[in-house]
Structures are given as C-alpha cells and as structure tokens.
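Colleague: This is the structure, below, for whatever I ask next.
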Amino acid sequence: MNKHRIAVIPGDGIGVDVINEGIKVIDTAKELTGGFDVEYTHLPWSCEYYLKTGRMMPEDGLDILKDHEAIYLGAVGFPGVPDHISLWGLLLPIRKEFDEYINLRPIKLLKGIQSPLRKGPEDIDFVVVRENVEGEYSGAGGIVHQGTPSETAIQTSIFTRVGTERVIRYAFELARKRGGKKSLISATKSNALNYSMVFWDRVFNEVAKDYPDVTARLMHVDALAGYFILKPEQIDVVVASNLFGDILTDLGSAMQGSIGIAPSANINPEKKYPSMFEPVHGSAPDIAGKGIANPIGAIWTASMMLDFLGESDAARLVFKAMEAVTEEGTYLTADLGGKATTQQVGEAVRNKMRQLV
Ligand code: NAD
Ligand code: IPM
Ligand code: MN
C-alpha cells in the first residue's frame with residue numbers, strides 16, 4: 001500500500017481552522033477509496049512560534065521538510081510580526097529552496113456559486129501558471145542612504161533564462177494537454193519594463209515555435225486584468241511572472257466568488273524536493289478565531305495534493321463532493337452569503353463524499 005508522508009504547517013489565523021478541515025477530508029478520502037495511507041508530520045511553525053523562539057521555523061526546518069512528499073500549508077503572517085519577516089522566514093524560502101517553480105492556480109467557478117460577474121461556471125474555467133521562485137520576488141535589493149533625504153529603496157527583479165523558459169514551457173505543455181482551447185496568454189508589460197519583460201517576451205516567442213498547435217498570445221498585464229473580467233470564457237491558460245501571477249490570481253479568486261475558495265499548488269515538477277499545497281488566501285486576521293473561515297480553498301487544495309500524489313480517485317471524490325456542497329448551497333460560509341461555520345462546511349463535504357462512493 002502506498003504511504004504518503006505529508007508535512008502539515010497550519011500556520012497562522014484561519015490557516016489552522018481550514019487545514020484542520022482539509023486533513024479530515026483527506027482522511028475520509030483515504031477510508032472511502034482505500035489503497036493508500038497517509039502519515040502526517042504536524043509542525044507548529046507560525047508567527048506564534050516566532051514570538052516564542054525568534055524564528056519562523058527551526059534552523060534545520062528545510063531538512064525536516066525534505067523527506068516528505070508534500071507540504072500542506074494554511075497561511076503565514078499575522079499582526080505582531082512584520083509580514084516581510086514572517087513570509088521570508090517560512091513560506092518564501094520553502095518555495096525557493098525546494099525549487100517549486102510552478103504555481104498552479106485554477107480559476108474555476110464552482111456550481112452554485114454566484115460570480116460577481118454576469119457569468120456562469122461554463123464561462124470561468126482557466127488556469128494561471130505563476131512563476132514561483134524568481135522575478136520580482138528574487139529578494140535582491142537594499143535601502144541606501146537610510147535616514148537621509150536621498151534615502152532610496154532598490155528592489156531588483158531577476159529573470160534567468162532557465163527560470164523563464166521552464167515556466168513558459170510548462171504552460172505551453174499544459175495548454176496542449178488540458179483539453180481546452182489550446183491557447184496560452186502570456187502576461188507581459190514590455191512596454192514599460194524594458195529589460196525583464198522584453199526578455200520574457202523574447203523567450204515566450206522562442207518557446208512558442210515548439211508549440212504550433214497552441215495559440216500563443218502576449219497581453220500587457222493591465223489589459224489582461226480587464227480581459228479577465230470582460231471575456232473570461234476566452235481564456236484557457238495564462239502564464240505570468242511571480243508578482244503579476246500573484247495579483248492576477250487574487251482577481252481570479254474574486255471572479256470565483258471569494259478568495260476563500262481559491263486553491264494553489266507550488267510544484268517542483270522534477271519531484272526532487274517536496275511540493276507545497278496551500279489555499280491562495282492568507283491568515284485573514286479580521287475573521288480569525290471566529291470559526292467562520294471558508295474551508296473550500298483548503299479542501300480544493302487537498303484535492304490537488306491528492307492528485308499530485310497519484311491518488312486520482314480520492315482527488316476526484318473530494319472535488320465532486322465539494323462542488324456538490326456548493327451546488328446545493330445549504331452549507332456556505334459568510335463570505336458566500338451563508339451562515340455555516342468552517343466545521344459545518346467540512347462536515348458537509350465529508351458527508352457528501354460518503355454518499356458519492
Ligand atoms: P487575506 O487573504 O488573509 O484576507 C483578505 C480578505 O479575504 C479578508 O477580508 C479576509 O477575511 C477574507 N478571507 C480570506 N480568506 C478567507 C476565507 N478562507 N474565508 C472567508 N474569508 C476569507 O489577505 P490579507 O488580509 O492581505 O493578509 C493577511 C495576512 O496573511 C498577511 O500577513 C499576509 O501577508 C498573509 N498572507 C499569507 C498568505 C499565505 O501564507 N499563502 C497568502 C496571502 C496573505
Ligand atoms: C500568495 C501570497 C504570498 C505571495 C505572500 C503572502 C508572500 O500573497 O501566496 O499569493 O505573494 O506569493
Ligand atoms: Mn497572493
């Protein structure tokens with residue numbers, strides 16, 4: 001029997017509540033489909049941990065994570081610890097050190113959920129492939145002349161040939177095999193960013209030659225944001241740099257009805273290191289501790305993780321049950337206009353799974 005080792009980092013705020021529900025869903029999937037086992041390593045790394053120890057994770061944190069197949073993470077960051085400290089102490093080093101250079105973020109409207117756009121589930125169904133380890137998030141830069149009138153902050157984007165080409169190639173492959181319109185839009189801004197994005201476009205056009213069957217298109221990211229809203233039904237796959245992908249996918253999550261729904265997978269395609277699975281949303285300090293966070297994003301993320309682990313039956317069961325719950329509409333959290341608690345939505349998904357097998 002396949003046994004999967006998963007490191008669990010609930011993190012901060014609502015991360016804890018939603019991961020709790022996700023784990024129970026995974027366990028139910030395991031019971032119902034059989035054929036695999038899961039071993040969890042629970043890790044309390046968070047802002048609370050930082051306030052106690054002075055670190056977001058122990059010095060050998062990455063070594064601890066390394067011998068797991070996957071990492072299931074809630075959210076990192078909470079008032080009391082500056083965000084750049086918490087994120088650069090945990091989430092961002094994991095993405096970088098484990099070379100999770102692909103961030104897959106499906107933008108798909110689930111049945112029963114009202115999009116703020118006048119569009120239905122058949123109109124909103126695409127994937128953003130976000131570059132996840134370099135670009136605007138390379139962490140290079142500094143502040144000079146601090147405390148003087150000429151104080152200057154420099155934040156340098158780094159786009160390497162290897163890093164740019166591999167994410168673009170991955171997106172073309174996905175567009176080819178996804179079963180959609182076989183089209184790929186690249187988010188650019190080469191009108192203003194005269195080095196990074198001019199380079200990005202050149203690589204995109206080069207790689208496009210290997211995929212004559214895929215319709216390739218460059219769009220400036222500002223225009224693309226408008227296109228998301230006006231013509232989502234035209235979109236199949238989007239490839240974007242780290243920052244552009246970050247912003248576009250929060251926009252995408254709103255199109256899906258709530259950021260509480262959106263899932264994401266940080267993938268190291270070579271499987272040399274663990275991949276990490278986390279909902280798109282953050283720790284939501286404004287609703288933390290109230291038990292009303294939407295767990296759908298974390299549950300959908302769990303489905304993506306099961307799929308990655310090769311447990312496609314379990315992944316499908318989780319997704320189907322989750323969408324049956326949104327379609328029915330009895331158990332929805334407040335962000336979707338409902339009254340259900342985080343736990344009630346999790347329970348509803350698990351009950352649905354039992355009905356569906
Ligand atoms: P956020 O996603 O935490 O919250 C934005 C808004 O969406 C809030 O109103 C919140 O209540 C709501 N929301 C988010 N998730 C929800 C859910 N599951 N159900 C219902 N409502 C939900 O973004 P923010 O406020 O910009 O960030 C808060 C903290 O989280 C910051 O420290 C930030 O750096 C961090 N953050 C972490 C991650 C991550 O770890 N992956 C992602 C984004 C933000
Ligand atoms: C996300 C988050 C992170 C990012 C932050 C918390 C560093 O917004 O996963 O989308 O920008 O990647
Ligand atoms: Mn984000």
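Letters for chains follow the order of the structure tokens (A, B, ...), residue numbers begin at 1 for each chain, and ligand numbers begin at 1 in the order shown.
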Counting only C-alpha atoms and all ligand atoms, what are the residues, protein, DNA or RNA alike, that approach ligand 2 to within 6 Å? I want them as number ranges by chain.

Modeller: A: 87, 246, 280

Colleague: When the cut-off is 10 Å and you count only C-alpha atoms and all ligand atoms, which residues lie near ligand 3, shown as an MDAnalysis selection string?

Modeller: chainID A and resid 242:251 259 279:282

Colleague: Would you mind exporting the chosen residues as a PDB file, in the first residue's frame, restricted to C-alpha atoms?

Modeller:
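Resulting contents of out-v2.pdb:
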ATOM      1  CA  ASN A 242       5.699  35.909  -9.869  1.00  0.00           C
ATOM      2  CA  LEU A 243       4.146  39.278  -8.986  1.00  0.00           C
ATOM      3  CA  PHE A 244       1.821  39.514 -11.964  1.00  0.00           C
ATOM      4  CA  GLY A 245       0.609  35.993 -11.222  1.00  0.00           C
ATOM      5  CA  ASP A 246       0.040  36.888  -7.587  1.00  0.00           C
ATOM      6  CA  ILE A 247      -2.144  39.857  -8.432  1.00  0.00           C
ATOM      7  CA  LEU A 248      -3.998  38.200 -11.304  1.00  0.00           C
ATOM      8  CA  THR A 249      -4.928  35.213  -9.153  1.00  0.00           C
ATOM      9  CA  ASP A 250      -6.439  37.323  -6.375  1.00  0.00           C
ATOM     10  CA  LEU A 251      -8.506  38.925  -9.130  1.00  0.00           C
ATOM     11  CA  ILE A 259     -10.782  34.264  -2.076  1.00  0.00           C
ATOM     12  CA  PRO A 279      -5.004  27.912  -0.449  1.00  0.00           C
ATOM     13  CA  VAL A 280      -4.497  31.279  -2.160  1.00  0.00           C
ATOM     14  CA  HIS A 281      -5.861  33.232   0.790  1.00  0.00           C
ATOM     15  CA  GLY A 282      -3.944  34.481   3.824  1.00  0.00           C
TER      16      GLY A 282
END

Colleague: So which bits of region 238-300 of chain A end up strand (DSSP E or B) when you DSSP the backbone, as a ChimeraX atom specification?

Modeller: /A:238-240,265-267,275-277

Colleague: Could you list the protein, DNA and RNA residues that have any atom within 6 Å of ligand 1, counting only C-alpha atoms and all ligand atoms, and write them as a count of residues only?

Modeller: 18

Colleague: Which residue, A:Gly139, A:Asp313, A:Ala192, A:Ala70, has the smallest gap to Gly34 (chain A) when you use only C-alpha atoms?

Modeller: A:Asp313

Colleague: Rank A:Met255, A:Asn20, A:Val238, A:Leu332 by their smallest atom-to-atom distance to Ser115 (chain A), using only C-alpha atoms, and report the top residue only.

Modeller: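 Going through A:Met255, A:Asn20, A:Val238, A:Leu332 one by one, the smallest distance to Ser115 (chain A) is for A:Met255.
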
Colleague: Would you kindly return, as a list of chain:residue names, each protein, DNA or RNA residue with an atom no farther than 10 Å from any atom of region 342-344 of chain A, considering only C-alpha atoms and excluding same-chain residues fewer than 5 positions away?

Modeller: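 Answer for this query is A:Ile14, A:Asp17, A:Val18, A:Asn20, A:Glu21, A:Lys290, A:Gly291, A:Ile292, A:Ala293, A:Asn294, A:Pro295, A:Ile296, A:Tyr331, A:Leu332, A:Thr333, A:Ala334, A:Val349, A:Arg350.
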
Colleague: Take the residues just selected and output them with C-alpha atoms as a PDB file, in the first residue's frame.

Modeller:
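Output file again-v1.pdb follows:
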ATOM      1  CA  ILE A  14      -7.627  30.891   9.825  1.00  0.00           C
ATOM      2  CA  ASP A  17      -9.087  26.093  11.009  1.00  0.00           C
ATOM      3  CA  VAL A  18      -9.105  25.409   7.287  1.00  0.00           C
ATOM      4  CA  ASN A  20      -7.996  21.061  10.151  1.00  0.00           C
ATOM      5  CA  GLU A  21     -10.971  20.520   7.854  1.00  0.00           C
ATOM      6  CA  LYS A 290     -14.438  33.132  14.768  1.00  0.00           C
ATOM      7  CA  GLY A 291     -14.790  29.719  13.163  1.00  0.00           C
ATOM      8  CA  ILE A 292     -16.334  31.189  10.013  1.00  0.00           C
ATOM      9  CA  ALA A 293     -13.478  30.921   7.507  1.00  0.00           C
ATOM     10  CA  ASN A 294     -14.359  29.216   4.259  1.00  0.00           C
ATOM     11  CA  PRO A 295     -12.512  25.859   4.137  1.00  0.00           C
ATOM     12  CA  ILE A 296     -13.310  25.221   0.448  1.00  0.00           C
ATOM     13  CA  TYR A 331     -23.721  24.891   3.851  1.00  0.00           C
ATOM     14  CA  LEU A 332     -21.909  28.041   2.809  1.00  0.00           C
ATOM     15  CA  THR A 333     -19.794  30.368   4.924  1.00  0.00           C
ATOM     16  CA  ALA A 334     -20.420  34.093   5.365  1.00  0.00           C
ATOM     17  CA  VAL A 349     -18.181  17.790   2.270  1.00  0.00           C
ATOM     18  CA  ARG A 350     -17.332  14.599   4.163  1.00  0.00           C
TER      19      ARG A 350
END

Colleague: Identify which of the residues A:Ile267, A:Val128, A:Ile261, A:Met56 lies closest to Phe98 (chain A), counting only C-alpha atoms when measuring atom-to-atom distances.

Modeller: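 The closest residue to Phe98 (chain A) is A:Ile267.
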
Colleague: Report as a PyMOL selection string all protein, DNA and RNA residues lying within 12 Å of Tyr195 (chain A), evaluated on only C-alpha atoms, omitting residues in the same chain fewer than 3 positions from it.

Modeller: chain A and resi 135+156-160+188-192+198-202

Colleague: Could you tell me how far CA of Phe172 (chain A) sits from CA of Ile124 (chain A), in Å to one decimal place?

Modeller: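 Value for the CA of Ile124 (chain A)-CA of Phe172 (chain A) distance: 19.7 Å.
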
Colleague: Taking into account only C-alpha atoms, which residue in the set A:Val129, A:Ile168, A:Pro285, A:Leu309 is nearest to Pro79 (chain A)?

Modeller: A:Pro285

Colleague: Restricting the calculation to only C-alpha atoms: of A:Arg130, A:Lys339, A:Lys52, A:Arg176, which residue gets closest to Glu100 (chain A)?

Modeller: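 Comparing A:Arg130, A:Lys339, A:Lys52, A:Arg176 against Glu100 (chain A), the winner is A:Arg130.
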
Colleague: Name the residues of region 151-309 of chain A that come out as alpha helix (DSSP H) in a backbone DSSP run; write them as an MDAnalysis selection string.

Modeller: chainID A and resid 161:177 196:208 221:230 242:255 296:308

Colleague: Quick one: pull the distance between CA of Phe204 (chain A) and CA of Ser253 (chain A), Å, one decimal.

Modeller: 25.7 Å

Colleague: Of the candidates A:Arg316, A:Ile299, A:Ala348, A:Ala324, which one gets nearest to Val25 (chain A) if we count only C-alpha atoms?

Modeller: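 When distances to Val25 (chain A) are compared using only C-alpha atoms, the smallest one comes from A:Ile299.
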
Colleague: Name all residues at most 9 Å from region 61-64 of chain A (count only C-alpha atoms; drop same-chain ones fewer than 3 positions away) and give them as a PyMOL selection string.

Modeller: chain A and resi 7+57-58+67-68+90+93-94+97-98

Colleague: Using only C-alpha atoms, determine which residues lie at most 10 Å from Lys231 (chain A), disregarding the query and same-chain residues fewer than 5 positions distant; provide the list as an NGL selection string.

Modeller: :A and (119 or 123-124 or 224 or 226)

Colleague: Calculate how many Å separate CA of Gly15 (chain A) from CA of Leu73 (chain A), rounding to one decimal.

Modeller: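 Distance between the two atoms: 7.5 Å.
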